Structure formats: structure tokens, C-alpha cells
Amino acid sequence: MNPADYARVGELLGRVPQGQFEIVVRSKSGDPVVLRNAPFLDDGTPMPTRYWLLGEHETVIVGRLEASGGVNQAEADIGPIALEETHSRYAAERDAAIDPTHTGPRPFGGVGGTRIGVKCLHAHFGWWLAVGDDPVGQWVADKLNISRDDYVVTENSAVINKRSRPIFTSPVAAIDIGTNSTNLLIVDPHGNEIVREVNVTRLGKGVAASGLLDDDAIATTVQQLANYASLLQQHKVETFRVTATEACRRASNANTFLDQAETILGKRPEIISGTEEGQLAFRGALSKLEPHNGITIVVDIGGGSTEVMFGTGNTLQHVSSFPVGAVVLSETELHRDPPKPEELTNAIGLVTDFMDDLVREQPQVLEATRVVGVAGTIVTIAAVELGIARFDPVALHGMTLTREAAEDVFRTLATESLTDRKSNPGLPPERADVIVGGCCALVGVMRRLRIPSVTISVHNLLDGVVQHILDPQ
């Protein structure tokens with residue numbers, strides 16, 4: 001950047017810039033209007049605002065619009081659904097610029113550093129000027145009668161947003177610490193699978209009721225992580241990411257576990273949001289399926305939560321995360337062996353209530369032309385339907401599980417005692433005590449969303465994580 005531009009930016013900001021940036025929008029006269037910031041300042045402080053409006057005229061007129069109640073009016077006019085999607089897109093672009101090996105604090109939130117509502121019209125308008133894909137920025141432009149043609153966008157958005165794919169010479173890996181299981185995936189630099197392990201550790205045992213991680217569950221999970229640390233070393237993995245989901249999101253003593261996990265792995269697990277969990281699962285689930293031109297729903301039923309995502313083709317448009325999964329439903333709703341009919345009804349009803357909220361907020365979810373199911377619960381139900389005693393990814397991946405078949409598996413498992421359930425082909429004994437809760441979740445989703453069948457994918461969040469490491473786009 002030439003010294004004159006740098007000095008002018010400092011003048012417009014009223015201070016010396018503290019991080020790296022590019023001027024991506026200028027006025028017709030060449031004056032800087034919008035900056036695109038690096039995700040961290042020079043001292044390592046996370047920088048949540050990717051696009052910064054600093055145009056001398058623009059900051060004043062947008063400020064006047066804010067002062068006249070523009071923030072509340074824009075929020076009311078745009079609506080929560082479009083705003084949520086906007087924040088997710090903004091965060092995804094910023095986060096894609098972060099080195100996949102980065103550890104420590106990361107930028108949070110979407111436009112203006114928030115994930116809900118409208119916080120700052122300047123931030124939205126700056127992004128709109130640079131990229132053109134922000135409904136709030138468009139709202140501001142309409143109010144102020146401004147066109148992007150009035151400015152010079154220095155680079156095409158498709159180019160400036162593209163990040164060079166990192167080059168790896170050794171395997172990369174992902175570890176996911178869920179409510180029910182702790183899982184590992186190691187792939188070579190081209191994404192070919194080397195090791196995949198799924199082990200039930202039940203970290204989330206009792207957390208729905210107590211809000212605490214159980215000491216024995218922590219010990220079991222940490223021991224499994226020690227096994228995975230050995231595998232990482234054995235395969236000379238240098239780059240890996242460790243995620244933790246619903247159990248750690250719920251637990252007030254999660255840091256006790258995270259401290260022990262960090263000691264074992266040399267890296268602290270990240271407690272990811274339900275939204276990020278859904279984003280990664282969506283990418284992973286579709287990674288080995290044929291492209292689809294219509295609307296695809298991906299359903300991920302875990303131990304502690306259920307994520308429902310949808311998009312067109314492989315482009316994610318919306319993620320919803322609900323705090324009900326196989327373990328949570330089993331512990332909170334199913335108290336007898338086998339469960340009473342009213343217990344099953346209550347568990348399914350809890351799920352359908354959440355689906356009612358989803359349909360009300362995202363009615364297009366009922367228009368899906370393909371539904372994909374991932375993760376332990378759904379894959380296990382499919383295995384029971386096939387009657388296969390050992391996990392067989394070739395038989396399971398791409399299999400069609402009809403609603404009638406899912407209901408049949410549910411009826412069978414829900415009327416068996418735990419002892420009998422453990423003898424069922426396709427059902428690992430360590431999942432037998434929570435599979436009925438998982439069935440309730442799947443049946444509730446399929447009934448309320450009118451899903452006739454689900455295509456099984458044996459690829460999931462782990463695959464999404466390693467793909468994001470290899471190619472952050």
C-alpha cells in the first residue's frame with residue numbers, strides 16, 4: 001500500500017491502523033471508503049469486523065440514519081431469519097481467512113460482532129458496498145438513494161474472498177468430542193481417509209439434569225483422547241482441530257475437562273456453537289454424495305443436540321440447532337425399561353415442538369427435494385434396518401431409509417427391554433440404552449417435516465472439519 005493511502009486511512013480513522021487491511025471500495029475520486037480487515041490485529045487481538053466503512057461522507061449520512069432510529073427500523077423490516085443468515089455468511093467469510101492451525105481466541109459474531117439483530121448500520125453498509133450481499137446494507141442504500149455504481153470496487157468480490165488453499169505435506173486430523181461419543185478422523189493431504197474411529201465415552205452423562213460433566217465421564221473421555229493423541233503421533237499429524245459440542249456447551253464445569261484434554265492433546269478443544277456444528281456437518285455430509293440441484297436438508301442427531309440444516313446444491317442457507325438428542329431424550333423423558341407409551345409420546349412431542357418452530361420460521365424446509373441423515377443415531381437405525389452386525393460403510397452410505405422403515409425400527413426397539421435390545425443385529429451394545437431416545441428424535445423430525453425418506457451419509461462433522469482445514473473455502 002502506498003504511503004499516501006496509508007496516511008489517508010489513518011486520517012479518516014482518527015488513529016494509526018492497528019492491523020493489516022486492504023482498501024476495497026473507493027469513491028470515484030479515489031478516496032478510501034471501505035477497508036477489508038485481517039481477522040486479527042497486529043498484537044493478535046481478534047478483529048470481528050471484516051469490512052470497515054470509513055468514507056468521509058458515508059460515515060456521516062449513515063450516522064444520521066442510525067440516529068433517526070434506523071437500526072430498529074432495519075431490524076424490523078429485514079426480519080430475524082434473513083439477519084441470521086446474513087451474520088452466518090459474514091462470519092464464514094471472515095473465519096475462512098484464519099489460518100487453520102490457529103489456536104487461541106478467535107473473532108466472534110457476524111456483522112458488527114453480533115449474531116442476532118442489527119448492531120451497526122455502518123458495518124452492514126460497508127459490507128454491501130464491497131460485496132453487495134447484505135440485505136441491511138441494501139436497506140441503507142435504498143434509504144439514502146445510493147448505488148454501488150457510484151463507487152469503485154477495487155476487486156471483484158469472488159476474487160477478494162477467495163483464499164489460497166493451504167499446502168500440506170503430512171496428514172491432518174479432526175477430533176470431535178460429543179455428548180455420546182468421541183471421534184477421530186485422520187486423512188492424508190489429499191483428503192483420503194487413513195483412520196476413522198468412533199468410541200462411545202458418554203461425556204454428557206447426566207449433564208441435562210445436573211448441568212455438570214460427571215467425573216467418571218471426564219476420565220473415560222480423557223483416556224480416549226490419550227489414545228487418539230498416540231494415533232496422531234503415530235501418523236505424524238501436525239495440523240488438527242479439536243471440537244466439543246452440546247455437553248460442553250451445557251456444562252458449567254466444562255473448563256475442568258478442557259484443561260485435562262489440553263494437557264493430553266497439546267491443544268485446547270474448541271466449544272463450537274450449534275450453528276457452526278451444523279455448518280461443518282452439512283459440508284461433511286454432502287462431501288461424498290452426488291450433487292443435487294434442489295433443496296437439501298441435512299439432519300444430524302447427536303447425543304445432546306439435533307441440527308437441521310438446509311441449502312440449495314452444496315450451498316448452506318440455514319442452520320437450526322435444538323438441545324435434544326439421543327442421550328438427552330433418554331435421560332429426561334424415558335425412565336422405564338422398556339419406556340411407557342406416554343414417555344415415548346412426550347419425547348416425540350418435545351422434538352415436534354422444536355420442528356414447529358423451525359417450520360414457522362423457515363417454511364421452505366417443507367419444500368426439500370432431498371433429505372440426508374448423518375451421525376451415530378441415524379446410521380445405527382439404518383444398520384438395524386439392514387440387520388448388519390458390523391459397521392459397513394459401503395452398505396450404509398447412500399442407503400435410503402424410508403419413514404416406514406424408521407417407524408418400524410422405532411416400534412421394535414421401543415418395545416424391547418434393554419437386555420433384548422443389546423442382542424439386536426446392527427445395534428452396538430454401548431448404544432442400546434440411548435437408541436430409543438434417538439429414534440424419538442428421528443421419528444419426530446420425519447413426521448413433522450413430512451419427510452418420506454432419508455439418504456444415509458456416513459460422512460459427518462469430522463469430514464467437514466478436515467475439509468475446512470484442507471480447503472477453507
# chains A, B, ... in the order shown; residues from 1 in each chain; ligands from 1
$ closest_atom_pairs --of "region 128-206 of chain A" --to "region 369-386 of chain A" --cutoff "12 Å" --atoms "only C-alpha atoms" --output "tab-separated table"
residue	atom	partner	partner_atom	distance
A:Asp176	CA	A:Ala375	CA	11.7
A:Gly178	CA	A:Gly376	CA	10.6
A:Thr179	CA	A:Gly376	CA	11.3
A:Asn180	CA	A:Gly376	CA	9.0
A:Ser181	CA	A:Gly376	CA	8.6
A:Thr182	CA	A:Gly376	CA	11.1
A:Asn183	CA	A:Gly376	CA	10.6
A:Val198	CA	A:Gly376	CA	8.9
A:Asn199	CA	A:Gly376	CA	10.4
A:Val200	CA	A:Gly376	CA	9.9
$ residues_around --residues "Leu358 (chain A)" --least-positions-apart "6" --cutoff "9 Å" --atoms "only C-alpha atoms" --output "PDB file with N, CA and C atoms, in the first residue's frame"
ATOM      1  N   VAL A 308     -30.609 -29.274  12.216  1.00  0.00           N
ATOM      2  CA  VAL A 308     -31.299 -29.390  10.932  1.00  0.00           C
ATOM      3  C   VAL A 308     -30.795 -28.247  10.057  1.00  0.00           C
ATOM      4  N   SER A 320     -30.343 -24.722  12.082  1.00  0.00           N
ATOM      5  CA  SER A 320     -31.044 -24.644  13.360  1.00  0.00           C
ATOM      6  C   SER A 320     -30.507 -25.756  14.250  1.00  0.00           C
ATOM      7  N   VAL A 365     -38.452 -25.240   4.527  1.00  0.00           N
ATOM      8  CA  VAL A 365     -37.919 -26.540   4.933  1.00  0.00           C
ATOM      9  C   VAL A 365     -38.856 -27.670   4.510  1.00  0.00           C
TER      10      VAL A 365
END
$ residues_around --residues "Thr419 (chain A)" --least-positions-apart "5" --cutoff "10 Å" --atoms "only C-alpha atoms" --output "JSON list (two decimals) with N, CA and C atoms, in the first residue's frame"
[["chain", "number", "residue", "atom", "x", "y", "z"],
["A", 337, "ASP", "N", -38.09, -49.29, 31.63],
["A", 337, "ASP", "CA", -37.49, -50.26, 30.72],
["A", 337, "ASP", "C", -38.47, -51.42, 30.48],
["A", 338, "PRO", "N", -39.08, -51.51, 29.28],
["A", 338, "PRO", "CA", -38.99, -50.54, 28.19],
["A", 338, "PRO", "C", -39.82, -49.28, 28.50],
["A", 424, "ASN", "N", -29.88, -57.05, 19.45],
["A", 424, "ASN", "CA", -30.41, -56.72, 18.13],
["A", 424, "ASN", "C", -29.27, -56.51, 17.13],
["A", 429, "PRO", "N", -23.95, -52.65, 21.53],
["A", 429, "PRO", "CA", -24.47, -52.69, 22.90],
["A", 429, "PRO", "C", -24.31, -51.38, 23.66],
["A", 432, "ALA", "N", -27.27, -49.14, 23.10],
["A", 432, "ALA", "CA", -28.61, -49.69, 23.31],
["A", 432, "ALA", "C", -29.44, -48.89, 24.30],
["A", 433, "ASP", "N", -28.78, -48.27, 25.29],
["A", 433, "ASP", "CA", -29.55, -47.55, 26.32],
["A", 433, "ASP", "C", -30.03, -46.18, 25.87]]
$ select_by_dssp --residues "region 47-108 of chain A" --states "alpha helix (DSSP H)" --output "ChimeraX atom specification"
/A:56-67,70-78,80-96
$ write_last_selection --atoms "N, CA and C atoms" --output "CSV table (one decimal), in the first residue's frame"
chain,number,residue,atom,x,y,z
A,56,GLU,N,-15.5,9.5,4.2
A,56,GLU,CA,-15.8,10.8,4.9
A,56,GLU,C,-17.3,11.2,4.8
A,57,HIS,N,-17.9,11.1,3.7
A,57,HIS,CA,-19.3,11.4,3.5
A,57,HIS,C,-20.2,10.3,4.0
A,58,GLU,N,-19.8,9.1,3.7
A,58,GLU,CA,-20.7,7.9,4.0
A,58,GLU,C,-20.9,7.7,5.5
A,59,THR,N,-19.8,7.9,6.3
A,59,THR,CA,-20.0,7.7,7.8
A,59,THR,C,-21.0,8.7,8.4
A,60,VAL,N,-21.0,9.9,7.8
A,60,VAL,CA,-21.9,11.0,8.3
A,60,VAL,C,-23.3,10.7,8.0
A,61,ILE,N,-23.6,10.3,6.7
A,61,ILE,CA,-25.0,10.2,6.4
A,61,ILE,C,-25.6,8.9,6.9
A,62,VAL,N,-24.8,7.8,7.1
A,62,VAL,CA,-25.2,6.6,7.7
A,62,VAL,C,-25.4,6.8,9.2
A,63,GLY,N,-24.6,7.6,9.8
A,63,GLY,CA,-24.7,8.0,11.2
A,63,GLY,C,-26.0,8.7,11.5
A,64,ARG,N,-26.4,9.6,10.6
A,64,ARG,CA,-27.7,10.3,10.7
A,64,ARG,C,-28.9,9.4,10.6
A,65,LEU,N,-28.7,8.4,9.7
A,65,LEU,CA,-29.8,7.4,9.6
A,65,LEU,C,-29.9,6.6,10.8
A,66,GLU,N,-28.8,6.2,11.4
A,66,GLU,CA,-28.8,5.5,12.7
A,66,GLU,C,-29.5,6.3,13.8
A,67,ALA,N,-29.1,7.6,13.9
A,67,ALA,CA,-29.7,8.5,14.9
A,67,ALA,C,-31.2,8.7,14.8
A,70,GLY,N,-32.8,4.2,12.6
A,70,GLY,CA,-32.6,3.3,11.5
A,70,GLY,C,-32.2,1.9,11.9
A,71,VAL,N,-31.5,1.7,13.0
A,71,VAL,CA,-31.2,0.4,13.5
A,71,VAL,C,-32.4,-0.5,13.8
A,72,ASN,N,-33.3,0.1,14.6
A,72,ASN,CA,-34.5,-0.6,14.9
A,72,ASN,C,-35.4,-0.8,13.7
A,73,GLN,N,-35.5,0.2,12.8
A,73,GLN,CA,-36.3,0.0,11.7
A,73,GLN,C,-35.8,-1.0,10.7
A,74,ALA,N,-34.5,-1.0,10.5
A,74,ALA,CA,-33.9,-2.0,9.6
A,74,ALA,C,-34.1,-3.4,10.1
A,75,GLU,N,-34.0,-3.6,11.4
A,75,GLU,CA,-34.1,-4.9,12.1
A,75,GLU,C,-35.6,-5.4,11.9
A,76,ALA,N,-36.5,-4.4,12.0
A,76,ALA,CA,-38.0,-4.8,11.9
A,76,ALA,C,-38.3,-5.1,10.4
A,77,ASP,N,-37.7,-4.4,9.5
A,77,ASP,CA,-38.0,-4.6,8.1
A,77,ASP,C,-37.4,-5.8,7.5
A,78,ILE,N,-36.2,-6.1,7.9
A,78,ILE,CA,-35.4,-7.3,7.4
A,78,ILE,C,-35.9,-8.6,8.0
A,80,PRO,N,-35.8,-11.5,11.5
A,80,PRO,CA,-34.7,-12.3,12.1
A,80,PRO,C,-34.1,-13.4,11.3
A,81,ILE,N,-34.9,-14.0,10.4
A,81,ILE,CA,-34.4,-15.1,9.6
A,81,ILE,C,-33.3,-14.6,8.6
A,82,ALA,N,-33.6,-13.6,7.9
A,82,ALA,CA,-32.6,-13.0,6.9
A,82,ALA,C,-31.4,-12.5,7.6
A,83,LEU,N,-31.6,-11.9,8.8
A,83,LEU,CA,-30.5,-11.4,9.6
A,83,LEU,C,-29.6,-12.5,10.1
A,84,GLU,N,-30.1,-13.6,10.5
A,84,GLU,CA,-29.3,-14.7,11.0
A,84,GLU,C,-28.5,-15.3,9.8
A,85,GLU,N,-29.1,-15.4,8.7
A,85,GLU,CA,-28.3,-15.9,7.5
A,85,GLU,C,-27.2,-14.9,7.1
A,86,THR,N,-27.5,-13.6,7.2
A,86,THR,CA,-26.5,-12.6,6.9
A,86,THR,C,-25.3,-12.7,7.8
A,87,HIS,N,-25.6,-12.8,9.1
A,87,HIS,CA,-24.5,-12.9,10.1
A,87,HIS,C,-23.7,-14.2,9.8
A,88,SER,N,-24.3,-15.3,9.5
A,88,SER,CA,-23.6,-16.5,9.3
A,88,SER,C,-22.7,-16.4,8.1
A,89,ARG,N,-23.2,-15.8,7.0
A,89,ARG,CA,-22.3,-15.6,5.8
A,89,ARG,C,-21.1,-14.7,6.1
A,90,TYR,N,-21.3,-13.7,6.8
A,90,TYR,CA,-20.3,-12.7,7.1
A,90,TYR,C,-19.2,-13.4,8.0
A,91,ALA,N,-19.6,-14.2,9.0
A,91,ALA,CA,-18.7,-14.9,9.9
A,91,ALA,C,-17.9,-15.9,9.1
A,92,ALA,N,-18.6,-16.6,8.2
A,92,ALA,CA,-18.0,-17.7,7.4
A,92,ALA,C,-16.9,-17.1,6.5
A,93,GLU,N,-17.1,-16.0,5.9
A,93,GLU,CA,-16.1,-15.4,5.1
A,93,GLU,C,-14.9,-15.0,5.9
A,94,ARG,N,-15.1,-14.3,7.0
A,94,ARG,CA,-14.0,-13.8,7.9
A,94,ARG,C,-13.2,-15.0,8.4
A,95,ASP,N,-14.0,-16.0,8.9
A,95,ASP,CA,-13.3,-17.2,9.5
A,95,ASP,C,-12.5,-18.0,8.5
A,96,ALA,N,-12.9,-17.9,7.2
A,96,ALA,CA,-12.1,-18.6,6.2
A,96,ALA,C,-10.8,-18.0,6.0
$ closest_residue --among "A:Arg250, A:Lys205, A:His318, A:Arg148" --to "Gln279 (chain A)" --atoms "only C-alpha atoms"
A:His318
$ closest_residue --among "A:Asp353, A:Glu193, A:Asp134, A:Asp408" --to "Asp463 (chain A)" --atoms "only C-alpha atoms"
A:Glu193
$ closest_residue --among "A:Leu184, A:Ile175, A:Val34, A:Leu265" --to "Val242 (chain A)" --atoms "only C-alpha atoms"
A:Ile175
$ residues_around --residues "region 6-16 of chain A" --least-positions-apart "6" --cutoff "10 Å" --atoms "only C-alpha atoms" --output "PyMOL selection string"
chain A and resi 22-23+31-35+52-56+59
$ closest_residue --among "A:Val465, A:Leu366, A:Ala326, A:Met355" --to "Val434 (chain A)" --atoms "only C-alpha atoms"
A:Ala326
$ closest_residue --among "A:Ile348, A:Ala414, A:Ala389, A:Val207" --to "Glu331 (chain A)" --atoms "only C-alpha atoms"
A:Val207
$ residues_around --residues "Ile146 (chain A)" --least-positions-apart "5" --cutoff "12 Å" --atoms "only C-alpha atoms" --output "PyMOL selection string"
chain A and resi 58+61-62+125+128-129+137-141+151
